[in-house]
Amino acid sequence: MSYCLAIDIGASSGRHLLGEIKDGKIVCEEIYRFENSIKDIEGTLGWDIESLLENVINGIARCREIGKIPETLAIDTWGVDYVLLDKDNKEILPCVSYRDGRTAGIPEEIFKIILQEELYARTGIQKQSFNTLYQLYCDKKSGKLDKAENFLMVPEYLSYKLTGVIKHEYTNSSTTNLLNAKEKTWDAEIIEKIGLKKSLFTELSLPSSFVGNFTEEIKEKVGFECKVIFAPSHDTAAAVAACPLDDNNVFVSSGTWSLVGTENLYPVTTLEAMEANLTNEGGVDYRYRFLKNIMGMWLFQSIRKNLNKKYTYDEMMNMAMESDFTEKIDPTDDTFLAPENMIEAVRNYLGKPELPVADVLSSVYHSLAAIYDKTVKEIEMISGKTVNAINIVGGGCKDEYLNRLTSKYTGKKVVAGPVECTATGNLISQFIYLDNSLTLEKARQLVRNTYGDSIKYYTV
């Protein structure tokens, strides 16, 4: 099989991985890595979209430098954020980050137009103040949306800049709060009620579908031709696609966010699910990720930044393990979305302004394990499933203390790994594009064959 290139971009970094199938296993090679972060752009928290694109192209060009030319490539990123284009397809900047505070109070305004219960029953998406729906409504109120003729989620935008082709991808679009969960397409009634331009919301494409070939400009920059396809372009959808789940397992996609959920064939849009703030995001083969978004490694990343990166993550973990402090915060509280100082935010939440850093870290560890337990119980109750094990994937699965605490709090077996689930899910979608006989089930077996020896198990 030919090389495939997965471009996997998160809130703190991005990387390019070349992959192929060899002897029944997936062989990966990281060839390029770059930093990414939220910037203060004229008083707005946003993404440096020009730098992102530059790094995407530089990483692609690296393939030529090492003499390994991919036949396909695909891009995945976080959800909910987007780029607006005007009638000349010029960017209407800034590309605002979901961590910007502009949407404070906006959900309550929307619920006066369409009841929260009706919105959830139609979309199945949990209430989060930064959902795309609320961001677009801000753009409408400010007049920014008036000049917009196209709207692209971040990975769709980057794919457009490589190909000149404007398309929407299903999994990332499902994070907008604007898709009808049962119909699997844009909800025209919601779009009309909110007063958004219907022309912005064009036909949806599925993962493993063709986007386009490189433009002449990109071919000249990188030195070769390549097909751009859609991965599950929402990184959680990509991670879960590669997660070697059993039917009664819960997954935790552990990175900047902790996404705790299960995979269903049908959306669950009941009042009980809404009250538990569980969400139904679209996945590969129209599967639904029934999950809750919880602030995850972001808490530790921010604490480490506040400490001027004086300690490694392992050193911070050891500090927490030496503490016997177990008072908890709520990791879903907006207080922790983008505080100036995460350490002070935790102290203030707990009402303990002098709390030592080791105890702050211990509080975060126990709080995450406790909310994982709460979420697993909610999923069991609402979905009717009996959860046998918790499969933690992504970079956060390397945190052995959190894995042990998760097993202790939930009373479930914890299966940790693989680490590279998101990039692997991206690659899987490309393998399926190139080989029609490769199903999702067969691809997940490839993952088991590839990473089985590196997976760790934790029990109470």
# chains A, B, ... in the order shown; residues from 1 in each chain; ligands from 1
call {"tool": "residues_around", "arguments": {"residues": "Arg122 of chain A", "least_positions_apart": "2", "cutoff": "6 Å", "atoms": "only C-alpha atoms", "output": "PyMOL selection string"}}
result
chain A and resi 119-120+180
call {"tool": "write_last_selection", "arguments": {"atoms": "all heavy atoms", "output": "PDB file, in the first residue's frame"}}
result
ATOM      1  N   LEU A 119     -33.919  22.347  21.212  1.00  0.00           N
ATOM      2  CA  LEU A 119     -32.608  22.363  20.558  1.00  0.00           C
ATOM      3  C   LEU A 119     -31.888  21.038  20.777  1.00  0.00           C
ATOM      4  O   LEU A 119     -31.324  20.457  19.847  1.00  0.00           O
ATOM      5  CB  LEU A 119     -31.771  23.529  21.096  1.00  0.00           C
ATOM      6  CG  LEU A 119     -30.400  23.741  20.459  1.00  0.00           C
ATOM      7  CD1 LEU A 119     -30.520  24.088  18.986  1.00  0.00           C
ATOM      8  CD2 LEU A 119     -29.629  24.844  21.203  1.00  0.00           C
ATOM      9  N   TYR A 120     -31.939  20.541  22.010  1.00  0.00           N
ATOM     10  CA  TYR A 120     -31.269  19.273  22.310  1.00  0.00           C
ATOM     11  C   TYR A 120     -31.972  18.108  21.624  1.00  0.00           C
ATOM     12  O   TYR A 120     -31.316  17.203  21.077  1.00  0.00           O
ATOM     13  CB  TYR A 120     -31.206  19.028  23.820  1.00  0.00           C
ATOM     14  CG  TYR A 120     -30.373  17.820  24.170  1.00  0.00           C
ATOM     15  CD1 TYR A 120     -28.991  17.921  24.294  1.00  0.00           C
ATOM     16  CD2 TYR A 120     -30.950  16.564  24.342  1.00  0.00           C
ATOM     17  CE1 TYR A 120     -28.200  16.817  24.581  1.00  0.00           C
ATOM     18  CE2 TYR A 120     -30.173  15.442  24.635  1.00  0.00           C
ATOM     19  CZ  TYR A 120     -28.805  15.577  24.751  1.00  0.00           C
ATOM     20  OH  TYR A 120     -28.033  14.476  25.027  1.00  0.00           O
ATOM     21  N   ASN A 180     -29.156  18.189  12.527  1.00  0.00           N
ATOM     22  CA  ASN A 180     -30.223  17.359  13.061  1.00  0.00           C
ATOM     23  C   ASN A 180     -29.653  15.961  13.278  1.00  0.00           C
ATOM     24  O   ASN A 180     -29.228  15.307  12.332  1.00  0.00           O
ATOM     25  CB  ASN A 180     -31.401  17.319  12.090  1.00  0.00           C
ATOM     26  CG  ASN A 180     -32.602  16.597  12.666  1.00  0.00           C
ATOM     27  OD1 ASN A 180     -32.551  15.392  12.911  1.00  0.00           O
ATOM     28  ND2 ASN A 180     -33.676  17.325  12.882  1.00  0.00           N
TER      29      ASN A 180
END
call {"tool": "closest_atom_pairs", "arguments": {"of": "segment 1-65 of chain A", "to": "segment 136-155 of chain A", "cutoff": "10 Å", "atoms": "only C-alpha atoms", "output": "tab-separated table"}}
result
residue	atom	partner	partner_atom	distance
A:Ile7	CA	A:Pro155	CA	9.6
A:Asp8	CA	A:Pro155	CA	9.6
A:Ile9	CA	A:Pro155	CA	8.8
A:Trp47	CA	A:Val154	CA	9.8
A:Ile49	CA	A:Val154	CA	8.6
A:Leu52	CA	A:Val154	CA	9.9
call {"tool": "residues_around", "arguments": {"residues": "Ser362 of chain A", "least_positions_apart": "6", "cutoff": "7 Å", "atoms": "only C-alpha atoms", "output": "ChimeraX atom specification"}}
result
/A:320-321,323,325-326
call {"tool": "select_by_dssp", "arguments": {"residues": "segment 254-415 of chain A", "states": "helix (DSSP H, G or I)", "output": "PyMOL selection string"}}
result
chain A and resi 271-275+284-286+297-306+313-321+334-336+342-350+357-383+395-398+400-410
call {"tool": "residues_around", "arguments": {"residues": "Leu206 of chain A", "least_positions_apart": "4", "cutoff": "12 Å", "atoms": "only C-alpha atoms", "output": "VMD selection string"}}
result
chain A and resid 167 to 174 184 to 185 210 to 211 229 to 234 237 282 to 287 429 433
call {"tool": "atom_distance", "arguments": {"atom1": "atom CA of Ile379 of chain A", "atom2": "atom CA of Tyr409 of chain A"}}
result
15.5 Å
call {"tool": "closest_residue", "arguments": {"among": "A:Tyr32, A:Tyr157, A:Tyr458, A:Phe431", "to": "Leu53 of chain A", "atoms": "only C-alpha atoms"}}
result
A:Tyr157
call {"tool": "residues_around", "arguments": {"residues": "Thr335 of chain A", "least_positions_apart": "3", "cutoff": "10 Å", "atoms": "only C-alpha atoms", "output": "list in words"}}
result
Asp330, Pro331, Thr332, Ala338, Pro339, Met342, Ala345, Val346, Asn348 and Tyr349 of chain A
call {"tool": "closest_residue", "arguments": {"among": "A:Ala104, A:Ile113, A:Val376, A:Cys243", "to": "Asp334 of chain A", "atoms": "only C-alpha atoms"}}
result
A:Ala104
call {"tool": "closest_residue", "arguments": {"among": "A:Lys292, A:Arg304, A:Lys193, A:Lys90", "to": "Thr375 of chain A", "atoms": "only C-alpha atoms"}}
result
A:Lys292
call {"tool": "select_by_dssp", "arguments": {"residues": "segment 281-457 of chain A", "states": "strand (DSSP E or B)", "output": "VMD selection string"}}
result
chain A and resid 281 to 282 288 to 295 389 to 393 413 to 416 456 to 457
call {"tool": "closest_atom_pairs", "arguments": {"of": "segment 41-110 of chain A", "to": "segment 217-226 of chain A", "cutoff": "12 Å", "atoms": "only C-alpha atoms", "output": "CSV"}}
result
residue,atom,partner,partner_atom,distance
A:Leu53,CA,A:Ile218,CA,11.2
A:Glu54,CA,A:Lys221,CA,10.7
A:Asn55,CA,A:Val222,CA,11.8
A:Val56,CA,A:Val222,CA,10.5
A:Ile57,CA,A:Val222,CA,7.0
A:Asn58,CA,A:Val222,CA,7.6
A:Gly59,CA,A:Val222,CA,9.0
A:Ile60,CA,A:Val222,CA,6.4
A:Ala61,CA,A:Val222,CA,4.3
A:Arg62,CA,A:Val222,CA,7.9
A:Cys63,CA,A:Val222,CA,8.3
A:Arg64,CA,A:Gly223,CA,6.7
A:Glu65,CA,A:Val222,CA,9.3
A:Gly67,CA,A:Phe224,CA,10.8
A:Lys68,CA,A:Phe224,CA,10.6
A:Ile69,CA,A:Phe224,CA,7.5
A:Pro70,CA,A:Cys226,CA,6.7
A:Glu71,CA,A:Cys226,CA,5.5
A:Thr72,CA,A:Cys226,CA,5.6
A:Leu73,CA,A:Cys226,CA,7.2
A:Ala74,CA,A:Cys226,CA,10.4
call {"tool": "residues_around", "arguments": {"residues": "Gln116 of chain A", "least_positions_apart": "5", "cutoff": "12 Å", "atoms": "only C-alpha atoms", "output": "PyMOL selection string"}}
result
chain A and resi 107-111+121-128+177+190+269+271+274-275+277
call {"tool": "residues_around", "arguments": {"residues": "segment 258-268 of chain A", "least_positions_apart": "6", "cutoff": "7 Å", "atoms": "only C-alpha atoms", "output": "compact mmCIF listing (two decimals) with N, CA, C and O atoms, in the first residue's frame"}}
result
# COMPACT_ATOMS: atom_id res chain seq x y z
N GLY A 124 -29.09 16.95 19.71
CA GLY A 124 -28.43 16.02 20.61
C GLY A 124 -27.08 16.49 21.12
O GLY A 124 -26.29 15.69 21.63
N ALA A 181 -29.62 15.52 14.54
CA ALA A 181 -28.93 14.27 14.88
C ALA A 181 -29.53 13.07 14.17
O ALA A 181 -28.80 12.18 13.73
N LYS A 182 -30.84 13.03 14.06
CA LYS A 182 -31.49 11.87 13.45
C LYS A 182 -31.38 11.91 11.93
O LYS A 182 -31.19 10.88 11.28
N ASN A 249 -17.68 -1.20 26.28
CA ASN A 249 -16.60 -0.37 26.80
C ASN A 249 -16.97 1.11 26.70
O ASN A 249 -17.72 1.52 25.81
N VAL A 250 -16.43 1.89 27.62
CA VAL A 250 -16.47 3.34 27.52
C VAL A 250 -15.08 3.80 27.12
O VAL A 250 -14.08 3.23 27.53
N PHE A 251 -15.00 4.82 26.29
CA PHE A 251 -13.70 5.38 25.91
C PHE A 251 -13.48 6.70 26.65
O PHE A 251 -14.42 7.41 27.00
N VAL A 252 -12.22 7.00 26.88
CA VAL A 252 -11.80 8.33 27.30
C VAL A 252 -10.73 8.77 26.31
O VAL A 252 -9.63 8.22 26.30
N ASN A 280 -24.20 13.96 21.48
CA ASN A 280 -24.22 12.94 20.42
C ASN A 280 -23.49 13.50 19.20
O ASN A 280 -24.07 14.21 18.38
N ARG A 287 -21.91 6.41 13.04
CA ARG A 287 -22.02 6.03 14.44
C ARG A 287 -22.03 7.30 15.28
O ARG A 287 -21.55 8.35 14.84
N TYR A 288 -22.55 7.19 16.48
CA TYR A 288 -22.67 8.35 17.36
C TYR A 288 -21.78 8.18 18.58
O TYR A 288 -21.79 7.13 19.23
N ARG A 289 -21.03 9.22 18.87
CA ARG A 289 -20.23 9.24 20.08
C ARG A 289 -21.08 9.90 21.17
O ARG A 289 -21.29 11.12 21.15
N PHE A 290 -21.61 9.08 22.06
CA PHE A 290 -22.46 9.56 23.15
C PHE A 290 -21.54 9.85 24.32
O PHE A 290 -21.06 8.93 25.00
N LEU A 291 -21.24 11.13 24.55
CA LEU A 291 -20.13 11.47 25.43
C LEU A 291 -20.35 12.78 26.15
O LEU A 291 -21.30 13.52 25.87
N LYS A 292 -19.42 13.05 27.05
CA LYS A 292 -19.37 14.35 27.72
C LYS A 292 -17.99 14.94 27.53
O LYS A 292 -16.98 14.25 27.66
N ASN A 293 -17.95 16.25 27.22
CA ASN A 293 -16.69 16.99 27.11
C ASN A 293 -16.28 17.49 28.49
O ASN A 293 -17.04 18.20 29.15
N ILE A 294 -15.09 17.11 28.90
CA ILE A 294 -14.57 17.49 30.22
C ILE A 294 -13.18 18.08 30.03
O ILE A 294 -12.37 17.54 29.27
N MET A 295 -12.90 19.19 30.68
CA MET A 295 -11.56 19.74 30.59
C MET A 295 -10.56 18.72 31.15
O MET A 295 -10.70 18.29 32.29
N GLY A 296 -9.59 18.34 30.35
CA GLY A 296 -8.68 17.27 30.72
C GLY A 296 -7.27 17.76 30.98
O GLY A 296 -7.00 18.49 31.93
N TYR A 372 -14.94 11.29 35.77
CA TYR A 372 -15.01 10.14 34.88
C TYR A 372 -16.01 9.13 35.44
O TYR A 372 -16.85 8.58 34.72
call {"tool": "closest_residue", "arguments": {"among": "A:Thr422, A:Ser254, A:Thr132, A:Asn318", "to": "Trp298 of chain A", "atoms": "only C-alpha atoms"}}
result
A:Ser254
call {"tool": "atom_distance", "arguments": {"atom1": "atom CA of Ser13 of chain A", "atom2": "atom CA of Ile455 of chain A"}}
result
23.9 Å
call {"tool": "closest_residue", "arguments": {"among": "A:Gly425, A:Pro244, A:Ile92, A:Gly164", "to": "Tyr451 of chain A", "atoms": "only C-alpha atoms"}}
result
A:Pro244
call {"tool": "closest_residue", "arguments": {"among": "A:Ile303, A:Ala389, A:Leu440, A:Val83", "to": "Cys95 of chain A", "atoms": "only C-alpha atoms"}}
result
A:Val83
call {"tool": "atom_distance", "arguments": {"atom1": "atom CA of Tyr134 of chain A", "atom2": "atom CA of Pro207 of chain A"}}
result
25.5 Å
